[in-house]
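Engineer: Data: structure.pdb, PDB, C-alpha atoms, pLDDT in the B column.
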```
ATOM      1  CA  MET A1106      -2.853 -26.670  -3.768  1.00 44.00           C
ATOM      2  CA  SER A1107      -5.864 -25.277  -1.940  1.00 44.00           C
ATOM      3  CA  GLU A1108      -8.387 -27.476  -0.191  1.00 50.00           C
ATOM      4  CA  PRO A1109     -11.503 -28.241  -2.282  1.00 56.00           C
ATOM      5  CA  ASP A1110     -13.728 -26.328   0.137  1.00 74.00           C
ATOM      6  CA  ALA A1111     -11.358 -23.368   0.603  1.00 81.00           C
ATOM      7  CA  PRO A1112     -13.162 -20.039   0.053  1.00 93.00           C
ATOM      8  CA  ILE A1113     -12.453 -18.294  -3.240  1.00 96.00           C
ATOM      9  CA  LEU A1114     -12.470 -14.521  -3.713  1.00 98.00           C
ATOM     10  CA  ARG A1115     -13.285 -13.404  -7.247  1.00 98.00           C
ATOM     11  CA  VAL A1116     -12.107  -9.882  -8.081  1.00 98.00           C
ATOM     12  CA  ALA A1117     -12.140  -7.837 -11.267  1.00 99.00           C
ATOM     13  CA  THR A1118     -11.019  -4.533 -12.745  1.00 99.00           C
ATOM     14  CA  TYR A1119     -13.114  -2.811 -15.400  1.00 99.00           C
ATOM     15  CA  ASN A1120     -12.713   0.536 -17.170  1.00 98.00           C
ATOM     16  CA  VAL A1121     -16.312   1.442 -18.044  1.00 98.00           C
ATOM     17  CA  ARG A1122     -15.688   4.599 -20.121  1.00 98.00           C
ATOM     18  CA  SER A1123     -18.440   6.609 -18.405  1.00 98.00           C
ATOM     19  CA  CYS A1124     -20.818   3.790 -19.444  1.00 98.00           C
ATOM     20  CA  VAL A1125     -20.602   4.914 -23.082  1.00 98.00           C
ATOM     21  CA  GLY A1126     -20.354   1.888 -25.322  1.00 98.00           C
ATOM     22  CA  MET A1127     -18.710   1.315 -28.658  1.00 98.00           C
ATOM     23  CA  ASP A1128     -22.049   2.115 -30.264  1.00 98.00           C
ATOM     24  CA  GLY A1129     -21.938   5.633 -28.786  1.00 98.00           C
ATOM     25  CA  GLN A1130     -24.832   4.915 -26.416  1.00 98.00           C
ATOM     26  CA  ARG A1131     -24.612   5.466 -22.654  1.00 98.00           C
ATOM     27  CA  SER A1132     -26.055   2.652 -20.549  1.00 98.00           C
ATOM     28  CA  GLU A1133     -25.449   2.036 -16.861  1.00 98.00           C
ATOM     29  CA  SER A1134     -27.748  -1.002 -17.096  1.00 98.00           C
ATOM     30  CA  ARG A1135     -25.543  -2.564 -19.750  1.00 98.00           C
ATOM     31  CA  ILE A1136     -22.455  -2.159 -17.564  1.00 98.00           C
ATOM     32  CA  ALA A1137     -24.343  -3.641 -14.598  1.00 98.00           C
ATOM     33  CA  ASP A1138     -25.309  -6.648 -16.734  1.00 98.00           C
ATOM     34  CA  VAL A1139     -21.666  -7.232 -17.692  1.00 98.00           C
ATOM     35  CA  ILE A1140     -20.585  -7.036 -14.046  1.00 98.00           C
ATOM     36  CA  ARG A1141     -23.354  -9.415 -13.021  1.00 98.00           C
ATOM     37  CA  SER A1142     -22.007 -11.926 -15.534  1.00 98.00           C
ATOM     38  CA  LEU A1143     -18.568 -11.834 -13.895  1.00 98.00           C
ATOM     39  CA  SER A1144     -19.832 -13.555 -10.710  1.00 97.00           C
ATOM     40  CA  ALA A1145     -17.309 -11.371  -8.872  1.00 98.00           C
ATOM     41  CA  ASP A1146     -17.168 -10.398  -5.205  1.00 98.00           C
ATOM     42  CA  VAL A1147     -15.317  -7.108  -5.591  1.00 98.00           C
ATOM     43  CA  VAL A1148     -14.768  -4.956  -8.690  1.00 98.00           C
ATOM     44  CA  GLY A1149     -12.638  -1.864  -9.254  1.00 99.00           C
ATOM     45  CA  LEU A1150     -14.240   0.493 -11.784  1.00 99.00           C
ATOM     46  CA  GLN A1151     -12.558   3.363 -13.621  1.00 98.00           C
ATOM     47  CA  GLU A1152     -13.949   6.360 -15.550  1.00 98.00           C
ATOM     48  CA  LEU A1153     -17.278   7.080 -13.868  1.00 98.00           C
ATOM     49  CA  ASP A1154     -19.340  10.277 -13.899  1.00 98.00           C
ATOM     50  CA  PHE A1155     -21.063  11.856 -10.921  1.00 98.00           C
ATOM     51  CA  HIS A1156     -23.701  14.513 -11.604  1.00 97.00           C
ATOM     52  CA  ARG A1157     -22.109  15.392 -14.953  1.00 97.00           C
ATOM     53  CA  GLN A1158     -24.239  17.073 -17.581  1.00 96.00           C
ATOM     54  CA  ARG A1159     -22.956  14.756 -20.295  1.00 97.00           C
ATOM     55  CA  SER A1160     -24.361  11.792 -18.335  1.00 97.00           C
ATOM     56  CA  ALA A1161     -27.749  13.374 -17.549  1.00 97.00           C
ATOM     57  CA  GLY A1162     -26.633  14.200 -14.012  1.00 97.00           C
ATOM     58  CA  ILE A1163     -26.645  10.542 -12.962  1.00 97.00           C
ATOM     59  CA  ASP A1164     -24.539   9.125 -10.134  1.00 98.00           C
ATOM     60  CA  GLN A1165     -23.309   6.303 -12.325  1.00 98.00           C
ATOM     61  CA  VAL A1166     -21.765   4.018  -9.729  1.00 98.00           C
ATOM     62  CA  ARG A1167     -24.795   4.339  -7.461  1.00 98.00           C
ATOM     63  CA  GLU A1168     -27.039   3.390 -10.369  1.00 98.00           C
ATOM     64  CA  ILE A1169     -24.860   0.370 -11.189  1.00 98.00           C
ATOM     65  CA  ALA A1170     -24.668  -0.726  -7.549  1.00 98.00           C
ATOM     66  CA  LEU A1171     -28.438  -0.389  -7.076  1.00 98.00           C
ATOM     67  CA  GLN A1172     -29.082  -2.648 -10.044  1.00 98.00           C
ATOM     68  CA  LEU A1173     -26.689  -5.239  -8.624  1.00 98.00           C
ATOM     69  CA  GLY A1174     -27.731  -4.834  -4.988  1.00 98.00           C
ATOM     70  CA  TRP A1175     -24.091  -4.180  -4.047  1.00 98.00           C
ATOM     71  CA  ARG A1176     -22.202  -1.693  -1.884  1.00 98.00           C
ATOM     72  CA  HIS A1177     -20.160   1.040  -3.529  1.00 98.00           C
ATOM     73  CA  LEU A1178     -17.532   3.675  -2.789  1.00 98.00           C
ATOM     74  CA  PHE A1179     -16.819   6.450  -5.310  1.00 98.00           C
ATOM     75  CA  HIS A1180     -13.765   8.695  -5.287  1.00 98.00           C
ATOM     76  CA  PRO A1181     -13.413  11.657  -7.647  1.00 98.00           C
ATOM     77  CA  ALA A1182     -10.183  12.225  -9.523  1.00 97.00           C
ATOM     78  CA  MET A1183     -11.546  15.463 -11.013  1.00 96.00           C
ATOM     79  CA  THR A1184     -14.096  17.975  -9.711  1.00 96.00           C
ATOM     80  CA  HIS A1185     -15.551  20.960 -11.542  1.00 94.00           C
ATOM     81  CA  ALA A1186     -18.339  22.830  -9.765  1.00 93.00           C
ATOM     82  CA  ASP A1187     -20.894  20.124  -8.910  1.00 93.00           C
ATOM     83  CA  GLU A1188     -19.598  17.645 -11.488  1.00 97.00           C
ATOM     84  CA  GLN A1189     -17.150  14.875 -10.667  1.00 98.00           C
ATOM     85  CA  TYR A1190     -15.281  12.155 -12.557  1.00 98.00           C
ATOM     86  CA  GLY A1191     -13.384   9.287 -11.044  1.00 98.00           C
ATOM     87  CA  ASP A1192     -13.231   5.683  -9.913  1.00 98.00           C
ATOM     88  CA  ALA A1193     -15.155   3.337  -7.644  1.00 98.00           C
ATOM     89  CA  ILE A1194     -14.990   0.080  -5.735  1.00 98.00           C
ATOM     90  CA  ILE A1195     -18.161  -2.009  -5.696  1.00 98.00           C
ATOM     91  CA  SER A1196     -18.663  -5.144  -3.635  1.00 98.00           C
ATOM     92  CA  LYS A1197     -21.114  -7.847  -2.650  1.00 98.00           C
ATOM     93  CA  HIS A1198     -19.578  -7.579   0.814  1.00 97.00           C
ATOM     94  CA  PRO A1199     -19.455  -4.678   3.302  1.00 98.00           C
ATOM     95  CA  LEU A1200     -16.962  -1.935   2.392  1.00 98.00           C
ATOM     96  CA  THR A1201     -15.193   0.462   4.719  1.00 98.00           C
ATOM     97  CA  PRO A1202     -13.352   3.516   3.312  1.00 97.00           C
ATOM     98  CA  TRP A1203      -9.691   3.436   4.308  1.00 96.00           C
ATOM     99  CA  ARG A1204      -7.898   6.275   2.526  1.00 97.00           C
ATOM    100  CA  THR A1205      -7.714   8.170  -0.756  1.00 98.00           C
ATOM    101  CA  ALA A1206      -5.142  10.375  -2.458  1.00 98.00           C
ATOM    102  CA  GLU A1207      -4.557  12.396  -5.582  1.00 97.00           C
ATOM    103  CA  LEU A1208      -1.679  10.971  -7.593  1.00 97.00           C
ATOM    104  CA  PRO A1209       1.134  13.162  -8.919  1.00 96.00           C
ATOM    105  CA  GLY A1210       1.620  14.257 -12.537  1.00 87.00           C
ATOM    106  CA  PRO A1211       2.794  15.880 -14.641  1.00 84.00           C
ATOM    107  CA  ALA A1212      -0.083  15.137 -16.989  1.00 85.00           C
ATOM    108  CA  PRO A1213       0.767  15.427 -20.700  1.00 85.00           C
ATOM    109  CA  TRP A1214      -0.670  18.276 -22.753  1.00 85.00           C
ATOM    110  CA  TYR A1215      -2.997  15.939 -24.648  1.00 86.00           C
ATOM    111  CA  CYS A1216      -4.694  14.584 -21.498  1.00 89.00           C
ATOM    112  CA  ARG A1217      -4.865  16.973 -18.546  1.00 86.00           C
ATOM    113  CA  GLU A1218      -6.804  14.612 -16.299  1.00 91.00           C
ATOM    114  CA  THR A1219      -5.782  14.376 -12.667  1.00 95.00           C
ATOM    115  CA  ARG A1220      -5.484  10.862 -11.273  1.00 97.00           C
ATOM    116  CA  ALA A1221      -6.298   9.329  -7.892  1.00 98.00           C
ATOM    117  CA  VAL A1222      -6.203   6.141  -5.847  1.00 98.00           C
ATOM    118  CA  GLN A1223      -8.772   4.818  -3.388  1.00 98.00           C
ATOM    119  CA  TRP A1224      -8.287   2.234  -0.654  1.00 98.00           C
ATOM    120  CA  ALA A1225     -11.058   0.341   1.102  1.00 98.00           C
ATOM    121  CA  LYS A1226     -11.431  -2.731   3.289  1.00 97.00           C
ATOM    122  CA  ALA A1227     -13.891  -5.405   2.225  1.00 98.00           C
ATOM    123  CA  GLU A1228     -15.298  -7.921   4.711  1.00 97.00           C
ATOM    124  CA  THR A1229     -15.088 -11.101   2.645  1.00 95.00           C
ATOM    125  CA  PRO A1230     -15.247 -14.852   3.356  1.00 88.00           C
ATOM    126  CA  PHE A1231     -11.494 -14.498   4.031  1.00 87.00           C
ATOM    127  CA  GLY A1232     -12.095 -11.784   6.600  1.00 93.00           C
ATOM    128  CA  ALA A1233     -10.788  -8.290   5.927  1.00 95.00           C
ATOM    129  CA  VAL A1234      -9.183  -7.717   2.515  1.00 97.00           C
ATOM    130  CA  HIS A1235      -7.548  -4.426   1.520  1.00 97.00           C
ATOM    131  CA  VAL A1236      -8.716  -3.304  -1.929  1.00 98.00           C
ATOM    132  CA  LEU A1237      -6.989  -0.505  -3.855  1.00 98.00           C
ATOM    133  CA  ASN A1238      -8.313   0.873  -7.135  1.00 98.00           C
ATOM    134  CA  THR A1239      -6.679   3.372  -9.478  1.00 98.00           C
ATOM    135  CA  HIS A1240      -6.373   4.698 -13.016  1.00 98.00           C
ATOM    136  CA  PHE A1241      -2.914   5.828 -14.138  1.00 98.00           C
ATOM    137  CA  GLY A1242      -2.254   8.616 -16.621  1.00 97.00           C
ATOM    138  CA  LEU A1243      -1.203   8.496 -20.261  1.00 96.00           C
ATOM    139  CA  GLY A1244       2.195  10.180 -19.916  1.00 95.00           C
ATOM    140  CA  ARG A1245       5.326   8.092 -19.246  1.00 94.00           C
ATOM    141  CA  ARG A1246       6.693  10.409 -16.544  1.00 95.00           C
ATOM    142  CA  GLU A1247       3.236  10.656 -15.054  1.00 96.00           C
ATOM    143  CA  ARG A1248       2.823   6.883 -14.754  1.00 97.00           C
ATOM    144  CA  MET A1249       6.279   6.494 -13.218  1.00 97.00           C
ATOM    145  CA  ALA A1250       5.523   9.099 -10.558  1.00 97.00           C
ATOM    146  CA  GLN A1251       2.214   7.428  -9.793  1.00 98.00           C
ATOM    147  CA  ALA A1252       3.767   3.968  -9.563  1.00 98.00           C
ATOM    148  CA  GLU A1253       6.449   5.261  -7.187  1.00 98.00           C
ATOM    149  CA  VAL A1254       3.751   6.613  -4.856  1.00 98.00           C
ATOM    150  CA  LEU A1255       1.844   3.337  -4.735  1.00 98.00           C
ATOM    151  CA  ALA A1256       5.043   1.332  -4.203  1.00 98.00           C
ATOM    152  CA  SER A1257       6.124   3.556  -1.301  1.00 97.00           C
ATOM    153  CA  GLU A1258       6.051   2.654   2.391  1.00 95.00           C
ATOM    154  CA  ASP A1259       2.947   4.802   2.798  1.00 94.00           C
ATOM    155  CA  TRP A1260       1.040   2.528   0.446  1.00 96.00           C
ATOM    156  CA  THR A1261       1.709  -1.031  -0.734  1.00 96.00           C
ATOM    157  CA  GLY A1262       5.205  -1.061   0.735  1.00 94.00           C
ATOM    158  CA  SER A1263       3.915  -0.681   4.286  1.00 90.00           C
ATOM    159  CA  THR A1264       5.098  -3.433   6.625  1.00 81.00           C
ATOM    160  CA  ALA A1265       2.044  -2.762   8.794  1.00 84.00           C
ATOM    161  CA  ILE A1266      -0.275  -4.437   6.258  1.00 88.00           C
ATOM    162  CA  GLU A1267      -0.895  -7.905   7.636  1.00 90.00           C
ATOM    163  CA  ASP A1268      -4.163  -8.604   5.812  1.00 93.00           C
ATOM    164  CA  PRO A1269      -4.575  -9.769   2.204  1.00 97.00           C
ATOM    165  CA  LEU A1270      -4.265  -6.893  -0.295  1.00 97.00           C
ATOM    166  CA  VAL A1271      -5.417  -6.501  -3.900  1.00 98.00           C
ATOM    167  CA  LEU A1272      -4.500  -3.638  -6.239  1.00 98.00           C
ATOM    168  CA  LEU A1273      -6.867  -3.204  -9.205  1.00 98.00           C
ATOM    169  CA  GLY A1274      -6.805  -0.743 -12.052  1.00 98.00           C
ATOM    170  CA  ASP A1275      -6.221   0.512 -15.543  1.00 98.00           C
ATOM    171  CA  PHE A1276      -2.523   1.351 -15.422  1.00 98.00           C
ATOM    172  CA  ASN A1277      -2.072   2.358 -19.072  1.00 98.00           C
ATOM    173  CA  ALA A1278       1.138   0.341 -18.862  1.00 98.00           C
ATOM    174  CA  LEU A1279       2.142  -2.996 -20.347  1.00 98.00           C
ATOM    175  CA  PRO A1280       3.546  -5.950 -18.392  1.00 97.00           C
ATOM    176  CA  GLY A1281       7.283  -5.477 -17.949  1.00 96.00           C
ATOM    177  CA  SER A1282       7.160  -1.702 -18.447  1.00 98.00           C
ATOM    178  CA  ARG A1283       8.934   0.517 -15.906  1.00 98.00           C
ATOM    179  CA  PRO A1284       5.777   1.495 -13.961  1.00 98.00           C
ATOM    180  CA  HIS A1285       4.701  -2.149 -13.914  1.00 98.00           C
ATOM    181  CA  ARG A1286       8.096  -3.228 -12.537  1.00 98.00           C
ATOM    182  CA  VAL A1287       7.926  -0.554  -9.838  1.00 98.00           C
ATOM    183  CA  LEU A1288       4.551  -1.872  -8.655  1.00 98.00           C
ATOM    184  CA  THR A1289       5.989  -5.378  -8.312  1.00 97.00           C
ATOM    185  CA  ARG A1290       8.509  -4.294  -5.669  1.00 96.00           C
ATOM    186  CA  HIS A1291       6.069  -5.372  -2.967  1.00 96.00           C
ATOM    187  CA  LEU A1292       3.242  -6.982  -4.936  1.00 98.00           C
ATOM    188  CA  HIS A1293       2.862  -9.707  -7.542  1.00 98.00           C
ATOM    189  CA  ASP A1294       1.069  -9.319 -10.845  1.00 98.00           C
ATOM    190  CA  VAL A1295      -1.394 -12.207 -10.774  1.00 98.00           C
ATOM    191  CA  ARG A1296      -0.406 -13.308 -14.304  1.00 97.00           C
ATOM    192  CA  THR A1297       3.170 -13.987 -13.139  1.00 96.00           C
ATOM    193  CA  LEU A1298       1.985 -16.414 -10.454  1.00 97.00           C
ATOM    194  CA  LEU A1299       0.118 -18.618 -12.911  1.00 97.00           C
ATOM    195  CA  ASP A1300       1.548 -21.152 -15.328  1.00 92.00           C
ATOM    196  CA  THR A1301       0.230 -19.507 -18.475  1.00 92.00           C
ATOM    197  CA  ARG A1302       1.434 -17.820 -21.632  1.00 90.00           C
ATOM    198  CA  ALA A1303      -1.839 -15.968 -22.195  1.00 94.00           C
ATOM    199  CA  ALA A1304      -1.472 -12.242 -22.898  1.00 95.00           C
ATOM    200  CA  PHE A1305      -4.702 -11.125 -21.141  1.00 98.00           C
ATOM    201  CA  ARG A1306      -5.255  -8.239 -23.546  1.00 98.00           C
ATOM    202  CA  THR A1307      -8.214  -6.099 -22.493  1.00 98.00           C
ATOM    203  CA  PHE A1308      -8.109  -3.039 -24.781  1.00 98.00           C
ATOM    204  CA  PRO A1309      -9.680  -2.118 -27.138  1.00 98.00           C
ATOM    205  CA  THR A1310     -12.689  -4.417 -27.282  1.00 98.00           C
ATOM    206  CA  LYS A1311     -12.960  -4.198 -31.077  1.00 96.00           C
ATOM    207  CA  PHE A1312      -9.501  -5.695 -31.448  1.00 97.00           C
ATOM    208  CA  PRO A1313      -7.848  -6.465 -28.082  1.00 98.00           C
ATOM    209  CA  SER A1314      -4.162  -5.722 -28.541  1.00 98.00           C
ATOM    210  CA  LEU A1315      -3.008  -4.162 -25.242  1.00 98.00           C
ATOM    211  CA  ALA A1316      -2.776  -5.590 -21.723  1.00 98.00           C
ATOM    212  CA  VAL A1317      -3.111  -2.369 -19.705  1.00 98.00           C
ATOM    213  CA  ASP A1318      -5.505  -3.553 -16.972  1.00 98.00           C
ATOM    214  CA  HIS A1319      -3.837  -5.440 -14.119  1.00 98.00           C
ATOM    215  CA  ILE A1320      -4.513  -7.175 -10.816  1.00 98.00           C
ATOM    216  CA  PHE A1321      -1.759  -7.276  -8.185  1.00 98.00           C
ATOM    217  CA  VAL A1322      -1.771  -9.147  -4.857  1.00 98.00           C
ATOM    218  CA  ASN A1323       0.426  -9.310  -1.792  1.00 97.00           C
ATOM    219  CA  LYS A1324       1.925 -12.513  -0.398  1.00 96.00           C
ATOM    220  CA  LYS A1325      -1.226 -13.266   1.611  1.00 96.00           C
ATOM    221  CA  LEU A1326      -3.113 -14.227  -1.555  1.00 97.00           C
ATOM    222  CA  ARG A1327      -2.569 -16.797  -4.287  1.00 97.00           C
ATOM    223  CA  PRO A1328      -4.352 -16.754  -7.663  1.00 98.00           C
ATOM    224  CA  ILE A1329      -5.919 -19.899  -9.070  1.00 97.00           C
ATOM    225  CA  SER A1330      -7.152 -18.329 -12.301  1.00 98.00           C
ATOM    226  CA  LEU A1331      -7.031 -15.176 -14.403  1.00 98.00           C
ATOM    227  CA  SER A1332      -9.209 -14.409 -17.419  1.00 98.00           C
ATOM    228  CA  VAL A1333     -10.419 -11.654 -19.701  1.00 98.00           C
ATOM    229  CA  PHE A1334     -14.206 -11.695 -19.697  1.00 98.00           C
ATOM    230  CA  ARG A1335     -15.413 -11.497 -23.279  1.00 98.00           C
ATOM    231  CA  SER A1336     -19.018 -11.624 -24.418  1.00 98.00           C
ATOM    232  CA  ASP A1337     -21.116  -9.989 -27.100  1.00 98.00           C
ATOM    233  CA  LEU A1338     -22.426  -7.518 -24.521  1.00 98.00           C
ATOM    234  CA  ALA A1339     -18.987  -6.737 -23.072  1.00 98.00           C
ATOM    235  CA  ARG A1340     -17.661  -6.096 -26.575  1.00 98.00           C
ATOM    236  CA  VAL A1341     -20.128  -3.211 -26.962  1.00 98.00           C
ATOM    237  CA  ALA A1342     -20.601  -1.938 -23.384  1.00 98.00           C
ATOM    238  CA  SER A1343     -17.140  -0.296 -23.032  1.00 98.00           C
ATOM    239  CA  ASP A1344     -13.811  -0.043 -24.844  1.00 98.00           C
ATOM    240  CA  HIS A1345     -12.183  -2.298 -22.202  1.00 98.00           C
ATOM    241  CA  TYR A1346     -12.958  -5.898 -21.313  1.00 98.00           C
ATOM    242  CA  PRO A1347     -13.038  -6.797 -17.593  1.00 99.00           C
ATOM    243  CA  LEU A1348     -10.038  -8.660 -16.178  1.00 98.00           C
ATOM    244  CA  VAL A1349     -11.069 -11.256 -13.563  1.00 98.00           C
ATOM    245  CA  ALA A1350      -9.011 -13.209 -11.024  1.00 98.00           C
ATOM    246  CA  GLU A1351      -9.914 -15.969  -8.582  1.00 98.00           C
ATOM    247  CA  LEU A1352      -7.891 -15.833  -5.371  1.00 98.00           C
ATOM    248  CA  VAL A1353      -7.384 -18.049  -2.340  1.00 97.00           C
ATOM    249  CA  LEU A1354      -5.500 -17.423   0.868  1.00 96.00           C
ATOM    250  CA  ALA A1355      -1.824 -18.334   0.575  1.00 94.00           C
ATOM    251  CA  THR A1356      -0.619 -21.063   2.903  1.00 82.00           C
TER
END
```
Any chance you could put this one into structure tokens?

Structural biologist:
Amino acid sequence: MSEPDAPILRVATYNVRSCVGMDGQRSESRIADVIRSLSADVVGLQELDFHRQRSAGIDQVREIALQLGWRHLFHPAMTHADEQYGDAIISKHPLTPWRTAELPGPAPWYCRETRAVQWAKAETPFGAVHVLNTHFGLGRRERMAQAEVLASEDWTGSTAIEDPLVLLGDFNALPGSRPHRVLTRHLHDVRTLLDTRAAFRTFPTKFPSLAVDHIFVNKKLRPISLSVFRSDLARVASDHYPLVAELVLAT
């Protein structure tokens, strides 16, 4: 057990669907309000627009971060002319970019999105914590290829990583699936380290039936809780609920 005064790091992953809610309305403020309610330190966000016409040219993650007073790092998975679409890490604590990469395909014919991963270091009450954020594809072969990259020695399999590490994201894969098992070669899914039978289903918000959002940690961290954040606002703000974990340093 952790000491009563041991620092706790609260992290979350949240697919925000370009801030378009289940009512068809786009609202960065609504997403910011949901994130504020999480009381998190670091959040991985997926599906954000940057200067896209469909989102009135707004830098969505900057707008969300400004409303929260947080730091942010955006990484595009797709770029077309001046428009970009991708993922972001936002944090109450200082963030330093570490590395980024495009993830391999092949993307299926029905969803030709390219996928990416971003890696940052957050200066937290624990000290430096590595934070990775990603959004896997919809195709089975695509997700397997992407999982193999992240499980490689260049990424989460690196023996040079001595600091705590968290991998956040929408993996479009269920617990126990092949991509999920690949990712647990070097990391632990937080749900497996807790004595719980909860399913932690995050999608879709109208009737949560799929657990596709996950939080993984290395051996330097130990979870003390995991929850799906559900509220009336979160039910409308996106088609995913946020997944939130509380972590302490492993002893």

Engineer: Report as a list in words the residues that result from applying the PyMOL selection byres ((chain A and resi 1313) around 12) to the structure here.

Structural biologist: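 Applying the PyMOL selection byres ((chain A and resi 1313) around 12) to the structure shown produces Ala1304, Phe1305, Arg1306, Thr1307, Phe1308, Pro1309, Thr1310, Lys1311, Phe1312, Ser1314, Leu1315, Ala1316, Val1317, Asp1318, Val1333, Phe1334, Arg1335, Arg1340, Asp1344, His1345, Tyr1346 and Pro1347 of chain A.
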
Engineer: So that I can see what lies close to Glu1168 (chain A), please list as a PyMOL selection string the residues with an atom at most 9 Å from it, counting only C-alpha atoms and leaving out residues fewer than 6 positions away in the same chain.

Structural biologist: chain A and resi 1133-1134+1137

Engineer: Residue by residue, what does the PyMOL selection byres ((chain A and resi 1144) around 10) grab here? Present the result as number ranges by chain.

Structural biologist: A: 1115-1117, 1139-1143, 1145-1147, 1197, 1349

Engineer: Find the spatial neighbours of Leu1331 (chain A), counting all atoms listed in the file, within a cut-off of 8 Å - ignore same-chain residues fewer than 2 positions away - and output them as a list in words.

Structural biologist: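 In the requested format, the answer is Val1295, Arg1296, Pro1328, Ile1329, Val1333, Leu1348, Val1349, Ala1350 and Glu1351 of chain A.
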
Engineer: What is the distance between CA of Gly1129 (chain A) and CA of Ser1343 (chain A), in Å to one decimal?

Structural biologist: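 Computing it gives 9.6 Å between the two atoms.
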
Engineer: I would like the residues chosen by the PyMOL selection byres ((chain A and resi 1201) around 9) on the shown file; could you give them as a PDB file with C-alpha atoms, in the coordinates of the input?

Structural biologist:
```pdb
ATOM      1  CA  LEU A1178     -17.532   3.675  -2.789  1.00 98.00           C
ATOM      2  CA  PRO A1199     -19.455  -4.678   3.302  1.00 98.00           C
ATOM      3  CA  LEU A1200     -16.962  -1.935   2.392  1.00 98.00           C
ATOM      4  CA  PRO A1202     -13.352   3.516   3.312  1.00 97.00           C
ATOM      5  CA  TRP A1203      -9.691   3.436   4.308  1.00 96.00           C
ATOM      6  CA  TRP A1224      -8.287   2.234  -0.654  1.00 98.00           C
ATOM      7  CA  ALA A1225     -11.058   0.341   1.102  1.00 98.00           C
ATOM      8  CA  LYS A1226     -11.431  -2.731   3.289  1.00 97.00           C
ATOM      9  CA  ALA A1227     -13.891  -5.405   2.225  1.00 98.00           C
ATOM     10  CA  GLU A1228     -15.298  -7.921   4.711  1.00 97.00           C
TER      11      GLU A1228
END
```

Engineer: Smallest atom-to-atom distance to Leu1279 (chain A): which of A:Asp1259, A:Leu1292, A:Arg1248, A:His1180, using all atoms listed in the file?

Structural biologist: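 Of A:Asp1259, A:Leu1292, A:Arg1248, A:His1180, the one nearest Leu1279 (chain A), counting all atoms listed in the file, is A:Arg1248.
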
Engineer: Fewer than 3 positions away in the same chain doesn't count, so skip those; otherwise give me all residues within 7 Å of His1319 (chain A), counting all atoms listed in the file, as a list in words.

Structural biologist: Leu1273, Gly1274 and Asp1275 of chain A

Engineer: Grab the CA of Tyr1119 (chain A) to CA of Thr1184 (chain A) distance for me, in Å with one decimal place.

Structural biologist: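 Computing it gives 21.6 Å between the two atoms.
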
Engineer: Determine the nearest neighbour of Ile1163 (chain A) from the options A:Met1183, A:Ile1136, A:Cys1124, A:Ile1320, counting all atoms listed in the file.

Structural biologist: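 Ranked by minimum distance to Ile1163 (chain A), first place goes to A:Cys1124.
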
Engineer: Enter the distance from CA of Arg1245 (chain A) to CA of Gly1191 (chain A), in Å, rounded to one decimal.

Structural biologist: 20.5 Å

Engineer: Report as a PyMOL selection string all protein, DNA and RNA residues lying within 10 Å of His1291 (chain A), evaluated on only C-alpha atoms, omitting residues in the same chain fewer than 6 positions from it.

Structural biologist: chain A and resi 1255-1258+1260-1264+1321-1324

Engineer: Here is a test: counting all atoms listed in the file, which residue of A:Leu1272, A:Cys1216, A:Leu1298, A:Val1222 is nearest to His1235 (chain A)?

Structural biologist: A:Leu1272

Engineer: Give me the residues near Gly1242 (chain A) as a short mmCIF file (atom, residue, chain, number, x, y, z; two decimals) with C-alpha atoms, in the coordinates of the input, where near means some atom within 9 Å (using all atoms listed in the file) and where sequence neighbours in that chain fewer than 2 positions away do not count.

Structural biologist:
```
data_model
loop_
_atom_site.label_atom_id
_atom_site.label_comp_id
_atom_site.auth_asym_id
_atom_site.auth_seq_id
_atom_site.Cartn_x
_atom_site.Cartn_y
_atom_site.Cartn_z
CA GLY A 1210 1.62 14.26 -12.54
CA ALA A 1212 -0.08 15.14 -16.99
CA PRO A 1213 0.77 15.43 -20.70
CA CYS A 1216 -4.69 14.58 -21.50
CA ARG A 1217 -4.86 16.97 -18.55
CA GLU A 1218 -6.80 14.61 -16.30
CA THR A 1219 -5.78 14.38 -12.67
CA ARG A 1220 -5.48 10.86 -11.27
CA HIS A 1240 -6.37 4.70 -13.02
CA GLY A 1244 2.19 10.18 -19.92
CA ARG A 1245 5.33 8.09 -19.25
CA GLU A 1247 3.24 10.66 -15.05
CA ARG A 1248 2.82 6.88 -14.75
CA GLN A 1251 2.21 7.43 -9.79
CA PHE A 1276 -2.52 1.35 -15.42
CA ASN A 1277 -2.07 2.36 -19.07
#
```

Engineer: With only C-alpha atoms as the basis for distance, which of A:Asp1192, A:Ala1250, A:Asp1300, A:Arg1176 is at the shortest distance from Pro1209 (chain A)?

Structural biologist: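 Going through A:Asp1192, A:Ala1250, A:Asp1300, A:Arg1176 one by one, the smallest distance to Pro1209 (chain A) is for A:Ala1250.
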
Engineer: Under the rule that only C-alpha atoms are counted, which of A:Arg1283, A:Arg1135, A:His1185, A:Arg1302 is the nearest residue to Gln1158 (chain A)?

Structural biologist: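 Checking each of A:Arg1283, A:Arg1135, A:His1185, A:Arg1302 against Gln1158 (chain A), counting only C-alpha atoms, the winner is A:His1185.
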